[in-house]
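See structure below.
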Amino acid sequence: MILAGLTLEELENLMSELGATRFRAKQIHNWIYAKSVSSIDEMTNLSKDFREQLKSIAAVTDTKIKVKQVSKDGTIKYLVEYPDGECVETVLMRFDNRANLTACVSSQVGCAVNCSFCATGKGGFRRNLNYKEIIEQVLTIQRDTGLKVTNIVFMGQGEPLLNLDNVLKALEIFNNDFQIGARRITISTSGIIPGINRLAEMDLQSTLAISLHAPGHDLRKQIMPIENKYPLNDLKKALLDYINKTGRRITIEYILIHGFNDTPQVAKELAYFLKDIKCNINLIPYNSVVENDFKKPANSDIMKFKYLLEHSGKKVTVRLERGADIDAACGQLRGRGK
Ligand code: SAH
Ligand code: SF4
């Protein structure tokens with residue numbers, strides 16, 4: 001049995017089966033989530049006999065680090081391997097002058113949505129991750145660095161809203177067991193409308209981020225095949241409904257691709273599309289993925305685009321490039337077969 005991923009209540013049940021006190025469950029819980037140990041032997045406030053008993057039926061984890069890359073800017077990228085040999089990437093980002101440590105986690109092995117700019121999409125879909133495999137990514141980071149993750153973004157591999165049950169269960173464990181507040185968690189989606197509708201009915205404090213990338217149907221469907229299934233008009237209705245029901249501001253993610261969706265004309269169309277949507281906008285200069293011809297815009301074009309959107313009264317940020325020297329852009333590590 002694997003202990004990582006068990007809730008306090010599940011640990012208490014396990015302790016009662018083993019004839020141990022409830023207090024042992026608290027201690028073990030603390031070793032797993034706060035101190036992030038990798039082995040039962042490290043749980044030094046348990047008696048040696050009890051550790052041996054526990055070891056005969058359980059281990060802390062079955063997840064391994066296959067590759068680790070550290071960037072000059074402090075970003076660390078892991079390729080994490082599960083017992084069946086499948087791998088996903090998870091990234092730890094530190095932002096200067098801030099205590100925040102953000103984990104970028106994957107929700108699926110591969111992705112079926114197949115956006116043309118994304119290395120993950122190119123590799124196709126392999127399988128969903130279960131909630132324990134999702135939280136193991138954050139535990140892997142904590143075990144390896146000895147640090148506590150403070151923020152989580154579902155922006156690694158996979159489409160979280162196509163694996164929503166496991167994502168929601170992981171969210172619950174991040175809240176209750178890791179003590180990471182829901183406000184510090186962001187779920188990013190390519191626009192899976194049934195998933196957005198489901199989130200609209202829940203009282204989640206987490207942020208919903210929408211990968212929009214184009215303000216019109218014809219432009220968007222050139223890079224995102226999901227536009228054929230869930231077109232922008234319907235997506236917009238779902239977003240307005242979500243904002244209306246939850247009262248929350250959403251984040252719009254927008255990859256800037258040179259000569260494709262970065263012109264002043266498109267900026268104006270985007271501002272118009274977002275006019276009545278309560279949102280912040282995050283511009284993401286395109287990160288080169290080997291197999292296509294897209295390029296990132298010149299800085300001056302990025303700034304012009306940003307200015308035009310700000311002019312429409314929105315808060316706009318440009319995402320800093322993290323870990324460029326270690327292929328830390330979405331999907332790139334696995335994409336290169338490392
Ligand atoms: N599947 C979800 C979440 C994972 S992708 C989604 O698409 O929202 C997280 C973000 O990385 C998305 O906004 C995605 O569009 C972006 N992304 C993917 N490939 C990229 C690339 N090559 N350069 C820049 N951003 C990229
Ligand atoms: Fe899937 Fe997101 Fe990549 Fe699109 S950008 S293929 S939805 S992981």
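Residue numbering restarts at 1 in every chain; chains get A, B, ... in the order shown in the structure tokens, and ligands count up from 1 in that same order.
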
Could you tell me, counting only C-alpha atoms and all ligand atoms, which protein and nucleic acid residues lie no more than 6 Å from ligand 2, written as a compact mmCIF listing (two decimals) with N, CA and C atoms, in the first residue's frame?
```
# COMPACT_ATOMS: atom_id res chain seq x y z
N CYS A 111 -2.26 14.41 -24.15
CA CYS A 111 -3.49 15.20 -24.22
C CYS A 111 -4.16 14.95 -25.56
N VAL A 113 -6.49 16.91 -26.89
CA VAL A 113 -7.03 18.13 -27.47
C VAL A 113 -6.23 18.57 -28.70
N ASN A 114 -4.94 18.26 -28.69
CA ASN A 114 -4.11 18.39 -29.89
C ASN A 114 -4.01 19.80 -30.47
N CYS A 115 -3.73 20.78 -29.63
CA CYS A 115 -3.49 22.13 -30.12
C CYS A 115 -2.19 22.12 -30.93
N CYS A 118 1.37 22.95 -29.29
CA CYS A 118 1.70 22.34 -28.00
C CYS A 118 2.38 20.98 -28.18
N THR A 120 2.80 18.65 -25.96
CA THR A 120 2.03 17.57 -25.33
C THR A 120 0.99 17.03 -26.30
N GLY A 121 0.27 17.96 -26.92
CA GLY A 121 -0.78 17.58 -27.86
C GLY A 121 -0.24 16.72 -29.00
N GLN A 157 1.07 18.93 -18.48
CA GLN A 157 0.46 18.16 -19.57
C GLN A 157 -1.00 17.85 -19.25
N GLY A 158 -1.78 17.80 -20.31
CA GLY A 158 -3.15 17.30 -20.17
C GLY A 158 -4.20 18.38 -20.03
N GLU A 159 -5.44 17.98 -20.21
CA GLU A 159 -6.59 18.88 -20.12
C GLU A 159 -7.33 18.55 -18.82
N SER A 190 -8.55 24.42 -22.08
CA SER A 190 -8.65 24.84 -23.47
C SER A 190 -10.10 25.23 -23.82
```

Find the spatial neighbours of Tyr78 (chain A), counting only C-alpha atoms, within a cut-off of 12 Å - ignore same-chain residues fewer than 2 positions away - and output them as a ChimeraX atom specification. /A:63-71,75-76,80-81,87-93,103-106,136-142,144-145,156,323,326-328,331-334,338

Taking only C-alpha atoms and all ligand atoms into account, report as a list in words which residues have an atom no farther than 6 Å from an atom of ligand 1. Phe117, Cys118, Phe154, Met155, Gly156, Gln157, Gly158, Glu159, Ser188, Thr189, Ser190, Ser211, Glu253, Ile255, Ile284, Tyr286, Asn287, Ser288, Val289 and Cys330 of chain A

Out of A:Phe178, A:Tyr131, A:Phe125, A:Tyr254, which residue has the shortest atom-to-atom distance to Asn151 (chain A) when counting only C-alpha atoms?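 Distance minimum relative to Asn151 (chain A) lands on A:Phe178.
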
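Candidate residues A:Arg51, A:Lys236, A:Lys315, A:Lys306 were compared for distance to Asn280 (chain A), and the nearest is A:Lys315, using only C-alpha atoms.
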
Could you check how far CA of Arg184 (chain A) sits from CA of Thr207 (chain A), in Å to one decimal? 8.0 Å

Contacts of region 268-275 of chain A within 9 Å, only C-alpha atoms, excl. fewer than 6 positions in-chain, as an MDAnalysis selection string: chainID A and resid 214:216 236 305 308:314

State, in Å with one decimal place, the distance from CA of Asn100 (chain A) to CA of Thr150 (chain A).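 Value for the CA of Asn100 (chain A)-CA of Thr150 (chain A) distance: 5.7 Å.
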
Which polymer residues have any atom within 8 Å of an atom of region 33-39 of chain A, counting only C-alpha atoms, with same-chain residues fewer than 3 positions away left out, as a ChimeraX atom specification? /A:29-30,42-43,59-61,139,142-143,146,148,177-178

Where does DSSP see helix (DSSP H, G or I) in region 101-200 of chain A, if you list the residues as a VMD selection string? chain A and resid 119 to 122 131 to 145 160 to 162 164 to 176 182 to 184 193 to 200

Could you write out, as number ranges by chain, all the residues of region 15-260 of chain A that DSSP marks as strand (DSSP E)? A: 64-70, 76-81, 87-94, 101-104, 108-110, 125-128, 151-154, 185-189, 207-211, 250-256

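Counting from CA of Ile196 (chain A), the distance to CA of Val167 (chain A) is 13.1 Å.
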
Within 12 Å of Asp234 (chain A) using only C-alpha atoms, minus same-chain residues under 2 positions, as a PyMOL selection string: chain A and resi 191-194+196-197+217+227-232+236-241

Atoms to include: N, CA, C and O atoms. Write the selected residues as a PDB file, in the first residue's frame.
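The result, stored in result-v3.pdb:
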```pdb
ATOM      1  N   GLY A 191     -11.008  25.095 -22.845  1.00  0.00           N
ATOM      2  CA  GLY A 191     -12.398  25.520 -23.086  1.00  0.00           C
ATOM      3  C   GLY A 191     -13.375  24.367 -23.203  1.00  0.00           C
ATOM      4  O   GLY A 191     -14.216  24.344 -24.107  1.00  0.00           O
ATOM      5  N   ILE A 192     -13.277  23.419 -22.289  1.00  0.00           N
ATOM      6  CA  ILE A 192     -14.181  22.261 -22.269  1.00  0.00           C
ATOM      7  C   ILE A 192     -15.473  22.691 -21.568  1.00  0.00           C
ATOM      8  O   ILE A 192     -15.532  22.770 -20.329  1.00  0.00           O
ATOM      9  N   ILE A 193     -16.494  22.994 -22.355  1.00  0.00           N
ATOM     10  CA  ILE A 193     -17.692  23.651 -21.802  1.00  0.00           C
ATOM     11  C   ILE A 193     -18.398  22.826 -20.699  1.00  0.00           C
ATOM     12  O   ILE A 193     -18.748  23.386 -19.656  1.00  0.00           O
ATOM     13  N   PRO A 194     -18.606  21.520 -20.873  1.00  0.00           N
ATOM     14  CA  PRO A 194     -19.291  20.792 -19.784  1.00  0.00           C
ATOM     15  C   PRO A 194     -18.527  20.903 -18.454  1.00  0.00           C
ATOM     16  O   PRO A 194     -19.145  20.994 -17.387  1.00  0.00           O
ATOM     17  N   ILE A 196     -16.585  23.446 -17.526  1.00  0.00           N
ATOM     18  CA  ILE A 196     -16.770  24.820 -17.023  1.00  0.00           C
ATOM     19  C   ILE A 196     -18.144  24.936 -16.361  1.00  0.00           C
ATOM     20  O   ILE A 196     -18.281  25.509 -15.282  1.00  0.00           O
ATOM     21  N   ASN A 197     -19.154  24.333 -16.995  1.00  0.00           N
ATOM     22  CA  ASN A 197     -20.509  24.363 -16.411  1.00  0.00           C
ATOM     23  C   ASN A 197     -20.532  23.675 -15.050  1.00  0.00           C
ATOM     24  O   ASN A 197     -21.203  24.122 -14.120  1.00  0.00           O
ATOM     25  N   HIS A 217     -13.665  32.605 -34.329  1.00  0.00           N
ATOM     26  CA  HIS A 217     -13.803  31.172 -34.633  1.00  0.00           C
ATOM     27  C   HIS A 217     -12.804  30.701 -35.697  1.00  0.00           C
ATOM     28  O   HIS A 217     -12.108  29.698 -35.515  1.00  0.00           O
ATOM     29  N   GLU A 227     -12.002  24.013 -30.999  1.00  0.00           N
ATOM     30  CA  GLU A 227     -12.904  25.088 -31.423  1.00  0.00           C
ATOM     31  C   GLU A 227     -14.064  24.539 -32.267  1.00  0.00           C
ATOM     32  O   GLU A 227     -15.157  25.106 -32.286  1.00  0.00           O
ATOM     33  N   ASN A 228     -13.841  23.423 -32.949  1.00  0.00           N
ATOM     34  CA  ASN A 228     -14.929  22.823 -33.728  1.00  0.00           C
ATOM     35  C   ASN A 228     -15.986  22.204 -32.825  1.00  0.00           C
ATOM     36  O   ASN A 228     -17.163  22.199 -33.133  1.00  0.00           O
ATOM     37  N   LYS A 229     -15.531  21.663 -31.705  1.00  0.00           N
ATOM     38  CA  LYS A 229     -16.472  21.020 -30.779  1.00  0.00           C
ATOM     39  C   LYS A 229     -17.135  22.042 -29.849  1.00  0.00           C
ATOM     40  O   LYS A 229     -18.345  21.979 -29.608  1.00  0.00           O
ATOM     41  N   TYR A 230     -16.313  22.941 -29.301  1.00  0.00           N
ATOM     42  CA  TYR A 230     -16.835  23.960 -28.378  1.00  0.00           C
ATOM     43  C   TYR A 230     -16.496  25.350 -28.912  1.00  0.00           C
ATOM     44  O   TYR A 230     -15.517  25.957 -28.485  1.00  0.00           O
ATOM     45  N   PRO A 231     -17.276  25.867 -29.869  1.00  0.00           N
ATOM     46  CA  PRO A 231     -16.955  27.141 -30.509  1.00  0.00           C
ATOM     47  C   PRO A 231     -17.028  28.330 -29.554  1.00  0.00           C
ATOM     48  O   PRO A 231     -17.732  28.296 -28.539  1.00  0.00           O
ATOM     49  N   LEU A 232     -16.291  29.374 -29.927  1.00  0.00           N
ATOM     50  CA  LEU A 232     -16.153  30.568 -29.079  1.00  0.00           C
ATOM     51  C   LEU A 232     -17.480  31.170 -28.593  1.00  0.00           C
ATOM     52  O   LEU A 232     -17.561  31.601 -27.450  1.00  0.00           O
ATOM     53  N   LYS A 236     -18.127  31.579 -24.765  1.00  0.00           N
ATOM     54  CA  LYS A 236     -18.381  32.878 -24.139  1.00  0.00           C
ATOM     55  C   LYS A 236     -19.616  32.822 -23.237  1.00  0.00           C
ATOM     56  O   LYS A 236     -19.598  33.329 -22.113  1.00  0.00           O
ATOM     57  N   LYS A 237     -20.668  32.173 -23.717  1.00  0.00           N
ATOM     58  CA  LYS A 237     -21.880  32.033 -22.895  1.00  0.00           C
ATOM     59  C   LYS A 237     -21.564  31.290 -21.597  1.00  0.00           C
ATOM     60  O   LYS A 237     -22.014  31.673 -20.518  1.00  0.00           O
ATOM     61  N   ALA A 238     -20.776  30.213 -21.731  1.00  0.00           N
ATOM     62  CA  ALA A 238     -20.419  29.420 -20.549  1.00  0.00           C
ATOM     63  C   ALA A 238     -19.594  30.248 -19.567  1.00  0.00           C
ATOM     64  O   ALA A 238     -19.773  30.153 -18.350  1.00  0.00           O
ATOM     65  N   LEU A 239     -18.705  31.095 -20.098  1.00  0.00           N
ATOM     66  CA  LEU A 239     -17.864  31.916 -19.219  1.00  0.00           C
ATOM     67  C   LEU A 239     -18.696  32.976 -18.508  1.00  0.00           C
ATOM     68  O   LEU A 239     -18.522  33.226 -17.310  1.00  0.00           O
ATOM     69  N   LEU A 240     -19.609  33.599 -19.244  1.00  0.00           N
ATOM     70  CA  LEU A 240     -20.466  34.615 -18.619  1.00  0.00           C
ATOM     71  C   LEU A 240     -21.306  33.977 -17.512  1.00  0.00           C
ATOM     72  O   LEU A 240     -21.465  34.547 -16.427  1.00  0.00           O
ATOM     73  N   ASP A 241     -21.791  32.786 -17.787  1.00  0.00           N
ATOM     74  CA  ASP A 241     -22.587  32.063 -16.799  1.00  0.00           C
ATOM     75  C   ASP A 241     -21.738  31.712 -15.568  1.00  0.00           C
ATOM     76  O   ASP A 241     -22.170  31.860 -14.422  1.00  0.00           O
TER      77      ASP A 241
END
```

Which one of A:Val153, A:Leu18, A:Ile302, A:Leu3 sits closest to Gly259 (chain A) if you count only C-alpha atoms?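 That would be A:Ile302, the residue with the smallest distance to Gly259 (chain A).
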